[in-house]
>>> print(open('target_7.txt').read())   # compact mmCIF, C-alpha atoms
# COMPACT_ATOMS: atom_id res chain seq x y z
CA MET A 18 57.88 166.09 94.32
CA ASP A 19 57.90 169.15 96.54
CA PRO A 20 61.51 169.85 97.63
CA LEU A 21 60.27 170.77 101.10
CA PHE A 22 58.70 167.32 101.42
CA ILE A 23 61.97 165.68 100.35
CA VAL A 24 64.01 167.64 102.87
CA GLY A 25 61.40 166.88 105.53
CA THR A 26 61.61 163.15 104.74
CA LEU A 27 65.41 163.15 105.01
CA VAL A 28 65.34 165.07 108.30
CA ALA A 29 62.67 162.73 109.69
CA LEU A 30 64.70 159.69 108.69
CA VAL A 31 67.81 160.99 110.46
CA ALA A 32 65.73 161.94 113.52
CA VAL A 33 64.04 158.54 113.78
CA SER A 34 67.39 156.76 113.33
CA THR A 35 68.96 158.90 116.06
CA LEU A 36 66.10 158.13 118.42
CA LEU A 37 66.47 154.43 117.65
CA GLY A 38 70.20 154.67 118.35
CA VAL A 39 69.59 156.33 121.72
CA VAL A 40 67.11 153.59 122.68
CA VAL A 41 69.45 150.80 121.56
CA ARG A 42 72.35 152.36 123.44
CA ALA A 43 70.27 152.71 126.62
CA ARG A 44 69.37 149.03 126.46
CA THR A 45 72.96 147.87 126.01
CA GLY A 46 74.95 146.69 129.00
CA ARG A 47 71.90 146.56 131.25
CA VAL A 48 71.22 143.85 133.77
CA ARG A 49 67.94 142.02 134.20
CA SER A 50 66.98 139.63 136.93
CA ASP A 51 66.08 136.18 135.82
CA GLY A 52 64.58 132.99 137.19
CA GLN A 53 65.22 130.48 134.47
CA ASN A 54 67.41 127.39 134.48
CA VAL A 55 70.10 126.10 132.19
CA ASP A 56 71.76 122.69 131.97
CA THR A 57 74.55 122.53 134.57
CA ALA A 58 76.73 120.86 131.92
CA LEU A 59 77.13 124.37 130.50
CA THR A 60 78.55 125.75 133.74
CA ASP A 61 82.00 125.63 135.27
CA PRO A 62 81.72 122.84 137.91
CA GLN A 63 84.39 124.39 140.12
CA ALA A 64 82.91 127.85 140.24
CA GLU A 65 80.21 129.25 142.49
CA PHE A 66 78.93 131.36 139.60
CA THR A 67 79.52 130.94 135.89
CA LEU A 68 79.42 133.84 133.47
CA LEU A 69 77.77 131.95 130.62
CA GLN A 70 78.26 134.10 127.54
CA LEU A 71 76.06 133.49 124.51
CA SER A 72 77.90 134.69 121.43
CA SER A 73 77.48 134.57 117.69
CA PRO A 74 80.18 134.31 115.04
CA VAL A 75 79.46 137.75 113.58
CA CYS A 76 79.49 139.84 116.72
CA SER A 77 81.91 142.65 117.52
CA ALA A 78 80.66 143.28 121.04
CA CYS A 79 81.13 139.59 121.93
CA ALA A 80 84.90 139.99 121.77
CA ALA A 81 84.81 142.95 124.17
CA MET A 82 82.57 141.02 126.57
CA ARG A 83 84.80 137.94 126.30
CA ARG A 84 87.76 140.01 127.46
CA ILE A 85 85.88 141.54 130.40
CA SER A 86 84.33 138.24 131.57
CA GLY A 87 87.65 136.45 131.14
CA GLN A 88 89.46 139.01 133.28
CA ILE A 89 86.84 138.81 136.04
CA ALA A 90 86.93 135.01 136.01
CA SER A 91 90.74 135.00 136.19
CA ALA A 92 90.75 137.35 139.16
CA ASP A 93 87.97 135.62 141.16
CA ALA A 94 88.35 131.94 142.02
CA GLY A 95 84.60 131.61 142.60
CA VAL A 96 83.72 132.76 139.10
CA GLY A 97 84.04 130.84 135.86
CA HIS A 98 83.58 131.94 132.28
CA ARG A 99 82.07 129.80 129.55
CA GLU A 100 81.22 130.95 126.07
CA ILE A 101 78.83 129.17 123.76
CA ASP A 102 77.86 129.82 120.16
CA VAL A 103 74.14 130.48 119.67
CA THR A 104 74.32 128.67 116.34
CA GLU A 105 74.95 125.42 118.22
CA HIS A 106 72.24 126.01 120.83
CA PRO A 107 69.17 127.31 119.01
CA GLU A 108 66.81 125.70 121.54
CA LEU A 109 68.55 127.42 124.46
CA VAL A 110 68.30 130.77 122.65
CA ARG A 111 64.56 130.27 122.14
CA ASP A 112 63.88 128.97 125.66
CA LEU A 113 65.69 131.87 127.26
CA GLY A 114 64.27 134.46 124.87
CA VAL A 115 67.71 135.76 123.88
CA LEU A 116 67.38 138.53 121.30
CA SER A 117 70.94 139.70 120.83
CA THR A 118 74.53 138.71 121.42
CA PRO A 119 76.42 138.92 123.61
CA THR A 120 73.99 137.95 126.36
CA THR A 121 75.82 136.90 129.50
CA LEU A 122 73.98 134.80 132.07
CA ILE A 123 75.09 134.66 135.69
CA VAL A 124 74.40 131.02 136.52
CA ASP A 125 74.81 129.44 139.94
CA ARG A 126 76.02 125.92 140.71
CA ASP A 127 72.51 124.49 140.34
CA GLY A 128 72.01 125.94 136.88
CA ARG A 129 69.73 128.75 138.05
CA VAL A 130 70.09 131.91 135.99
CA ARG A 131 70.39 134.70 138.59
CA SER A 132 70.63 137.58 136.15
CA ARG A 133 71.48 138.34 132.60
CA ILE A 134 73.62 141.09 131.12
CA ILE A 135 72.66 142.19 127.64
CA GLY A 136 75.34 143.56 125.35
CA ALA A 137 78.93 144.38 126.21
CA ALA A 138 78.88 145.71 129.76
CA ALA A 139 81.44 147.52 131.89
CA ALA A 140 83.49 145.31 134.22
CA ALA A 141 81.96 147.13 137.22
CA THR A 142 78.45 146.14 136.07
CA VAL A 143 79.46 142.49 135.91
CA ARG A 144 81.10 142.63 139.36
CA ASP A 145 78.02 144.33 140.86
CA SER A 146 75.76 141.64 139.39
CA LEU A 147 77.96 138.91 140.84
CA ALA A 148 77.91 140.65 144.22
CA ASP A 149 74.09 140.82 144.06
CA ALA A 150 73.93 137.12 143.22
CA ARG A 151 76.15 136.29 146.20
CA ARG A 152 74.05 138.40 148.57
CA SER A 153 70.68 137.12 147.53
CA PRO A 154 69.62 133.75 148.95
CA VAL A 155 69.03 130.87 146.59
CA GLY A 156 65.56 131.01 145.12
CA ALA A 157 65.04 134.70 145.70
CA VAL A 158 65.96 136.46 142.53
CA ALA A 159 67.55 139.85 143.06
CA MET B 16 89.47 130.23 136.40
CA SER B 17 88.73 131.33 132.94
CA ALA B 18 87.88 128.52 130.60
CA ALA B 19 89.13 128.35 127.07
CA SER B 20 86.26 129.55 124.96
CA PRO B 21 85.71 128.33 121.43
CA ALA B 22 86.16 131.66 119.73
CA ALA B 23 88.91 133.01 122.00
CA GLY B 24 92.43 133.68 120.95
CA ARG B 25 91.85 135.11 117.52
CA PRO B 26 95.20 136.71 116.77
CA THR B 27 94.52 140.07 115.17
CA GLY B 28 91.58 142.02 113.92
CA ILE B 29 90.74 145.28 112.28
CA ASP B 30 90.36 148.73 113.79
CA PRO B 31 86.61 148.87 114.61
CA ARG B 32 86.54 152.54 113.65
CA GLY B 33 87.32 151.62 110.02
CA PRO B 34 83.91 150.09 109.23
CA ARG B 35 82.20 152.94 111.12
CA PHE B 36 84.03 155.46 108.95
CA GLY B 37 82.88 153.54 105.85
CA ALA B 38 79.32 153.40 107.18
CA SER B 39 79.25 157.18 107.56
CA ILE B 40 80.15 157.62 103.86
CA THR B 41 77.53 154.99 102.96
CA SER B 42 74.91 156.81 105.07
CA VAL B 43 75.46 160.07 103.19
CA LEU B 44 75.30 158.33 99.80
CA LEU B 45 72.07 156.57 100.83
CA LEU B 46 70.53 159.91 101.84
CA VAL B 47 71.40 161.22 98.36
CA VAL B 48 69.70 158.15 96.79
CA ILE B 49 66.57 158.83 98.87
CA GLY B 50 66.50 162.56 98.07
CA VAL B 51 67.17 162.16 94.34
CA GLY B 52 64.86 159.13 94.17
CA LEU B 53 61.98 161.13 95.65
CA ALA B 54 62.64 164.01 93.24
CA THR B 55 62.62 161.83 90.11
CA PRO B 56 59.38 160.37 88.72
CA LEU B 57 59.52 156.63 87.97
CA GLY B 58 60.64 156.00 84.37
CA THR B 59 58.24 154.25 82.02
CA THR B 60 60.83 151.97 80.36
CA ILE B 61 63.44 149.80 82.02
CA GLY B 62 66.13 151.83 80.22
CA GLU B 63 64.85 155.05 81.76
CA ARG B 64 64.62 153.46 85.18
CA ALA B 65 68.14 152.02 84.93
CA THR B 66 69.74 155.33 83.97
CA GLU B 67 68.05 157.64 86.41
CA PRO B 68 70.61 159.18 88.81
CA ALA B 69 69.27 157.52 91.99
CA ALA B 70 69.44 154.08 90.32
CA LEU B 71 73.01 154.66 89.17
CA LEU B 72 74.08 155.74 92.65
CA GLN B 73 72.27 152.75 94.17
CA LEU B 74 74.13 150.52 91.69
CA LEU B 75 77.41 152.00 92.97
CA LEU B 76 76.31 151.22 96.56
CA VAL B 77 75.33 147.67 95.59
CA ALA B 78 78.80 147.22 94.06
CA LEU B 79 80.50 148.60 97.20
CA PHE B 80 78.44 146.33 99.49
CA ALA B 81 79.26 143.36 97.24
CA TRP B 82 82.95 144.24 97.50
CA GLY B 83 82.73 144.28 101.29
CA ALA B 84 80.64 141.12 101.48
CA PHE B 85 82.67 138.97 99.08
CA ALA B 86 86.22 140.32 99.36
CA GLY B 87 85.78 140.97 103.11
CA ILE B 88 85.58 144.29 104.92
CA ALA B 89 89.36 144.34 105.34
CA ARG B 90 89.84 144.70 101.56
CA HIS B 91 87.11 147.32 101.07
CA PRO B 92 88.21 150.59 99.42
CA TYR B 93 86.81 152.58 102.37
CA GLY B 94 89.27 150.66 104.56
CA ALA B 95 92.19 151.90 102.45
CA LEU B 96 90.77 155.43 102.62
CA PHE B 97 90.43 155.12 106.41
CA LYS B 98 94.03 153.95 106.76
CA ALA B 99 95.38 156.70 104.53
CA LEU B 100 93.35 159.65 105.80
CA VAL B 101 91.95 158.92 109.25
CA ALA B 102 93.82 156.20 111.14
CA ALA B 103 97.11 158.11 111.16
CA ARG B 104 95.42 161.01 112.97
CA LEU B 105 93.84 158.82 115.65
CA SER B 106 95.39 157.04 118.61
CA PRO B 107 95.80 153.29 118.12
CA PRO B 108 92.56 151.36 118.69
CA ARG B 109 91.71 150.15 122.19
CA ASP B 110 90.21 146.94 120.84
CA ARG B 111 90.50 145.16 117.56
CA GLU B 112 87.46 143.52 116.09
CA ASP B 113 86.91 140.36 114.13
CA PRO B 114 86.19 141.36 110.52
CA ALA B 115 83.40 138.72 110.36
CA ALA B 116 80.80 141.04 111.94
CA PRO B 117 81.19 144.03 109.59
CA THR B 118 81.56 141.67 106.62
CA PHE B 119 78.20 140.09 107.58
CA ALA B 120 76.66 143.58 107.79
CA GLN B 121 77.96 144.32 104.27
CA GLY B 122 76.15 141.20 103.07
CA VAL B 123 72.91 142.43 104.65
CA GLY B 124 73.45 145.81 102.97
CA LEU B 125 73.98 144.07 99.63
CA LEU B 126 70.77 142.07 100.04
CA VAL B 127 68.68 145.14 100.94
CA THR B 128 70.05 147.56 98.32
CA GLY B 129 70.26 144.83 95.63
CA THR B 130 66.62 143.83 96.18
CA GLY B 131 65.58 147.48 96.05
CA LEU B 132 67.44 148.05 92.79
CA ALA B 133 65.96 144.91 91.21
CA LEU B 134 62.41 145.91 92.21
CA HIS B 135 63.01 149.43 90.91
CA LEU B 136 64.14 148.07 87.53
CA ALA B 137 61.01 145.91 87.52
CA GLY B 138 58.98 149.11 87.89
CA VAL B 139 57.97 148.98 91.55
CA PRO B 140 57.42 152.58 92.75
CA TYR B 141 59.53 153.78 95.72
CA ALA B 142 61.62 150.56 95.73
CA LEU B 143 64.84 152.59 95.73
CA VAL B 144 63.65 155.02 98.39
CA ILE B 145 62.38 152.30 100.75
CA SER B 146 65.40 150.00 100.39
CA ALA B 147 67.83 152.92 100.74
CA SER B 148 65.94 154.08 103.87
CA ALA B 149 66.22 150.63 105.46
CA ALA B 150 69.93 150.46 104.63
CA PHE B 151 70.37 154.03 105.90
CA VAL B 152 68.99 153.19 109.35
CA ALA B 153 71.49 150.33 109.77
CA ALA B 154 74.44 152.25 108.31
CA PHE B 155 73.68 155.36 110.37
CA LEU B 156 73.32 153.38 113.60
CA ASN B 157 76.61 151.68 112.84
CA ALA B 158 78.40 154.96 112.11
CA ALA B 159 76.94 157.04 114.93
CA PHE B 160 76.27 154.47 117.66
CA ALA B 161 78.63 151.56 116.82
CA TYR B 162 75.52 149.44 116.33
CA CYS B 163 76.43 145.87 115.42
CA LEU B 164 73.88 144.42 113.02
CA GLY B 165 75.41 140.94 113.22
CA CYS B 166 74.98 140.88 117.02
CA GLN B 167 71.19 141.21 116.69
CA LEU B 168 70.16 139.83 113.34
CA TYR B 169 72.20 136.64 113.59
CA VAL B 170 70.41 135.56 116.78
CA LEU B 171 67.03 136.28 115.23
CA LEU B 172 67.96 134.08 112.25
CA VAL B 173 69.02 131.31 114.64
CA ARG B 174 65.72 131.65 116.51
CA ALA B 175 63.76 131.53 113.28
CA GLY B 176 65.57 128.32 112.39
CA VAL B 177 67.26 129.83 109.34
CA LEU B 178 70.70 129.36 110.85
CA GLY B 179 72.06 126.86 113.31
CA ARG B 180 72.09 123.18 114.01
CA ARG B 181 68.64 121.65 114.32
CA THR B 182 68.29 119.80 117.57
CA ALA B 183 64.57 119.15 117.59
>>> encode(input="target_7.txt", output="structure tokens")
Amino acid sequence: MDPLFIVGTLVALVAVSTLLGVVVRARTGRVRSDGQNVDTALTDPQAEFTLLQLSSPVCSACAAMRRISGQIASADAGVGHREIDVTEHPELVRDLGVLSTPTTLIVDRDGRVRSRIIGAAAAATVRDSLADARRSPVGAVA
Amino acid sequence: MSAASPAAGRPTGIDPRGPRFGASITSVLLLVVIGVGLATPLGTTIGERATEPAALLQLLLVALFAWGAFAGIARHPYGALFKALVAARLSPPRDREDPAAPTFAQGVGLLVTGTGLALHLAGVPYALVISASAAFVAAFLNAAFAYCLGCQLYVLLVRAGVLGRRTA
């Protein structure tokens, strides 16, 4: 085969992979508003908002997110942190359209999902999302 | 009020930069498989196909993925190389990661490259090139962008009903 074609193929492969990486990175740690509901049994009954983290057993970013959510929950009495394994809740994963772990749902006392954070996010992103949830009236999704 | 989570409190883990270092070596080797595979016409006998350079290199990659998948990423030779050559020159890791995720990714790599090699031996044209390209995308994203294959693929398998407890 023409060496130029081979080199072109290799360069194209690296370029496409880089583009894919940039897209994946841009989508990580972003927040999306939500209007779905989850079973209140999954939430922290004492907290105003629960950071409900959906994790999988083979997930590096889940550990980073667990640390961040745990710290925020420890520092804020109105916030709880719960972590569930997607393997044990396949129906929840399908209903909510979760495509990757960690996905962290900000759930209010009534089980309404106010927003979701996809991937490991910065602590500031999580705090901002909680602040948005507190500001916005029940029913109106920020 | 942080609740005790099921997976919390794992004592130690590995330096997450170790598997990324390994993935960068794997990426380069996969590019060589693709380049050499494209340059070599498909052999007519299984013996020819088995001994062509791209197939031999792919066999090496299959063996390395199998090592990572079965012995665990922590016992992979790239890990020893990382410790000896790279880790000493870096600051200590900010986080440690559970070796389960990169070990899972090694298993996926084994499946993809192993299937490609088997199809190549069976005489399927471009089996090496296509399987090595698929593995390259994952390895490159891991090396360059810390992409975590387990974080995405595992959920998709749960959704497809391949993994997970059936509740319906």
>>> closest_residue(input="target_7.txt", among="A:Met18, A:Val103, A:Ala92, A:Ala137", to="A:Ala80", atoms="all atoms listed in the file")
A:Ala137
>>> closest_atom_pairs(input="target_7.txt", of="chain A", to="chain B", cutoff="7 Å", atoms="all atoms listed in the file", output="Markdown table")
| residue | atom | partner | partner_atom | distance |
| --- | --- | --- | --- | --- |
| A:Met18 | CA | B:Ala54 | CA | 5.3 |
| A:Ile23 | CA | B:Gly50 | CA | 6.0 |
| A:Leu27 | CA | B:Leu46 | CA | 6.8 |
| A:Ser34 | CA | B:Val152 | CA | 5.6 |
| A:Gly38 | CA | B:Leu156 | CA | 5.8 |
| A:Ser73 | CA | B:Cys166 | CA | 6.8 |
| A:Val75 | CA | B:Ala116 | CA | 3.9 |
| A:Cys76 | CA | B:Cys166 | CA | 4.6 |
| A:Ser77 | CA | B:Glu112 | CA | 5.8 |
| A:Gly87 | CA | B:Ser17 | CA | 5.5 |
| A:Ala90 | CA | B:Ser17 | CA | 5.1 |
| A:Ser91 | CA | B:Met16 | CA | 4.9 |
| A:Ala94 | CA | B:Met16 | CA | 6.0 |
| A:Val96 | CA | B:Met16 | CA | 6.8 |
| A:Gly97 | CA | B:Met16 | CA | 5.5 |
| A:His98 | CA | B:Ser17 | CA | 5.2 |
| A:Arg99 | CA | B:Ala18 | CA | 6.0 |
| A:Glu100 | CA | B:Ser20 | CA | 5.3 |
| A:Val103 | CA | B:Val170 | CA | 6.9 |
| A:Thr104 | CA | B:Gly179 | CA | 4.2 |
| A:Glu105 | CA | B:Arg180 | CA | 5.6 |
| A:Pro107 | CA | B:Val173 | CA | 5.9 |
| A:Val110 | CA | B:Arg174 | CA | 6.7 |
| A:Arg111 | CA | B:Arg174 | CA | 5.9 |
| A:Leu116 | CA | B:Val170 | CA | 6.2 |
| A:Ser117 | CA | B:Gln167 | CA | 4.4 |
| A:Thr118 | CA | B:Cys166 | CA | 4.9 |
>>> residues_around(input="target_7.txt", residues="stretch 124-138 of chain B", least_positions_apart="5", cutoff="10 Å", atoms="all atoms listed in the file", output="number ranges by chain")
B: 45, 57-66, 69-71, 73-74, 76-84, 118-119, 143-151, 153-154
>>> atom_distance(input="target_7.txt", atom1="atom CA of A:Arg44", atom2="atom CA of A:Thr142")
13.5 Å
>>> atom_distance(input="target_7.txt", atom1="atom CA of A:Ala78", atom2="atom CA of A:Ser50")
21.3 Å
>>> residues_around(input="target_7.txt", residues="B:Pro34", least_positions_apart="3", cutoff="9 Å", atoms="all atoms listed in the file", output="PDB file with C-alpha atoms, keeping the file's coordinate frame")
ATOM      1  CA  ILE B  29      90.740 145.280 112.280  1.00  0.00           C
ATOM      2  CA  ASP B  30      90.360 148.730 113.790  1.00  0.00           C
ATOM      3  CA  PRO B  31      86.610 148.870 114.610  1.00  0.00           C
ATOM      4  CA  GLY B  37      82.880 153.540 105.850  1.00  0.00           C
ATOM      5  CA  ALA B  38      79.320 153.400 107.180  1.00  0.00           C
ATOM      6  CA  SER B  39      79.250 157.180 107.560  1.00  0.00           C
ATOM      7  CA  ILE B  88      85.580 144.290 104.920  1.00  0.00           C
ATOM      8  CA  ALA B  89      89.360 144.340 105.340  1.00  0.00           C
ATOM      9  CA  TYR B  93      86.810 152.580 102.370  1.00  0.00           C
ATOM     10  CA  GLY B  94      89.270 150.660 104.560  1.00  0.00           C
ATOM     11  CA  PHE B  97      90.430 155.120 106.410  1.00  0.00           C
ATOM     12  CA  PRO B 117      81.190 144.030 109.590  1.00  0.00           C
ATOM     13  CA  ASN B 157      76.610 151.680 112.840  1.00  0.00           C
ATOM     14  CA  ALA B 158      78.400 154.960 112.110  1.00  0.00           C
TER      15      ALA B 158
END
>>> atom_distance(input="target_7.txt", atom1="atom CA of A:Leu71", atom2="atom CA of B:Arg109")
23.0 Å
>>> decode(input="target_7.txt", residues="stretch 141-152 of chain B", atoms="all heavy atoms", output="CSV table (one decimal), in the first residue's frame")
chain,number,residue,atom,x,y,z
B,141,TYR,N,-7.9,-6.9,6.9
B,141,TYR,CA,-8.0,-5.7,7.8
B,141,TYR,C,-8.4,-5.9,9.2
B,141,TYR,O,-8.7,-5.0,10.0
B,141,TYR,CB,-8.8,-4.6,7.2
B,141,TYR,CG,-8.3,-4.1,5.8
B,141,TYR,CD1,-9.0,-4.4,4.6
B,141,TYR,CD2,-7.1,-3.5,5.7
B,141,TYR,CE1,-8.5,-4.1,3.4
B,141,TYR,CE2,-6.6,-3.1,4.5
B,141,TYR,CZ,-7.3,-3.4,3.3
B,141,TYR,OH,-6.8,-3.0,2.1
B,142,ALA,N,-8.5,-7.2,9.7
B,142,ALA,CA,-8.9,-7.5,11.0
B,142,ALA,C,-7.9,-6.9,12.0
B,142,ALA,O,-8.3,-6.3,13.0
B,142,ALA,CB,-9.1,-9.0,11.3
B,143,LEU,N,-6.6,-7.0,11.7
B,143,LEU,CA,-5.6,-6.4,12.6
B,143,LEU,C,-5.7,-4.9,12.7
B,143,LEU,O,-5.7,-4.3,13.8
B,143,LEU,CB,-4.2,-6.8,12.2
B,143,LEU,CG,-3.7,-8.2,12.4
B,143,LEU,CD1,-2.3,-8.3,11.9
B,143,LEU,CD2,-3.8,-8.5,13.9
B,144,VAL,N,-5.8,-4.3,11.5
B,144,VAL,CA,-5.8,-2.8,11.4
B,144,VAL,C,-7.1,-2.3,12.1
B,144,VAL,O,-7.0,-1.3,12.9
B,144,VAL,CB,-5.8,-2.4,9.9
B,144,VAL,CG1,-6.1,-0.9,9.8
B,144,VAL,CG2,-4.5,-2.7,9.3
B,145,ILE,N,-8.2,-2.9,11.9
B,145,ILE,CA,-9.5,-2.3,12.5
B,145,ILE,C,-9.5,-2.5,14.0
B,145,ILE,O,-9.8,-1.6,14.8
B,145,ILE,CB,-10.7,-3.0,11.8
B,145,ILE,CG1,-10.8,-2.5,10.4
B,145,ILE,CG2,-12.0,-2.7,12.6
B,145,ILE,CD1,-11.8,-3.2,9.5
B,146,SER,N,-9.1,-3.7,14.5
B,146,SER,CA,-9.1,-4.0,15.9
B,146,SER,C,-8.0,-3.1,16.6
B,146,SER,O,-8.3,-2.5,17.7
B,146,SER,CB,-8.8,-5.4,16.3
B,146,SER,OG,-7.5,-5.8,15.8
B,147,ALA,N,-6.9,-3.0,16.0
B,147,ALA,CA,-5.8,-2.1,16.6
B,147,ALA,C,-6.3,-0.7,16.6
B,147,ALA,O,-5.9,0.1,17.6
B,147,ALA,CB,-4.5,-2.3,15.8
B,148,SER,N,-7.0,-0.2,15.6
B,148,SER,CA,-7.5,1.2,15.6
B,148,SER,C,-8.5,1.4,16.7
B,148,SER,O,-8.4,2.4,17.4
B,148,SER,CB,-8.2,1.5,14.3
B,148,SER,OG,-7.3,1.3,13.2
B,149,ALA,N,-9.4,0.4,16.9
B,149,ALA,CA,-10.4,0.6,18.0
B,149,ALA,C,-9.6,0.6,19.4
B,149,ALA,O,-9.9,1.5,20.2
B,149,ALA,CB,-11.4,-0.6,18.0
B,150,ALA,N,-8.7,-0.3,19.5
B,150,ALA,CA,-7.9,-0.3,20.8
B,150,ALA,C,-7.1,1.0,21.0
B,150,ALA,O,-7.0,1.5,22.1
B,150,ALA,CB,-7.0,-1.5,20.9
B,151,PHE,N,-6.6,1.5,19.8
B,151,PHE,CA,-5.8,2.7,19.9
B,151,PHE,C,-6.6,3.9,20.4
B,151,PHE,O,-6.1,4.7,21.2
B,151,PHE,CB,-5.2,3.1,18.5
B,151,PHE,CG,-4.6,4.5,18.5
B,151,PHE,CD1,-3.3,4.7,19.0
B,151,PHE,CD2,-5.3,5.6,18.0
B,151,PHE,CE1,-2.7,5.9,19.0
B,151,PHE,CE2,-4.7,6.8,18.0
B,151,PHE,CZ,-3.4,7.0,18.5
B,152,VAL,N,-7.8,4.1,19.9
B,152,VAL,CA,-8.7,5.2,20.3
B,152,VAL,C,-8.8,5.2,21.9
B,152,VAL,O,-8.6,6.2,22.5
B,152,VAL,CB,-10.1,5.2,19.6
B,152,VAL,CG1,-11.0,6.2,20.2
B,152,VAL,CG2,-9.9,5.4,18.1
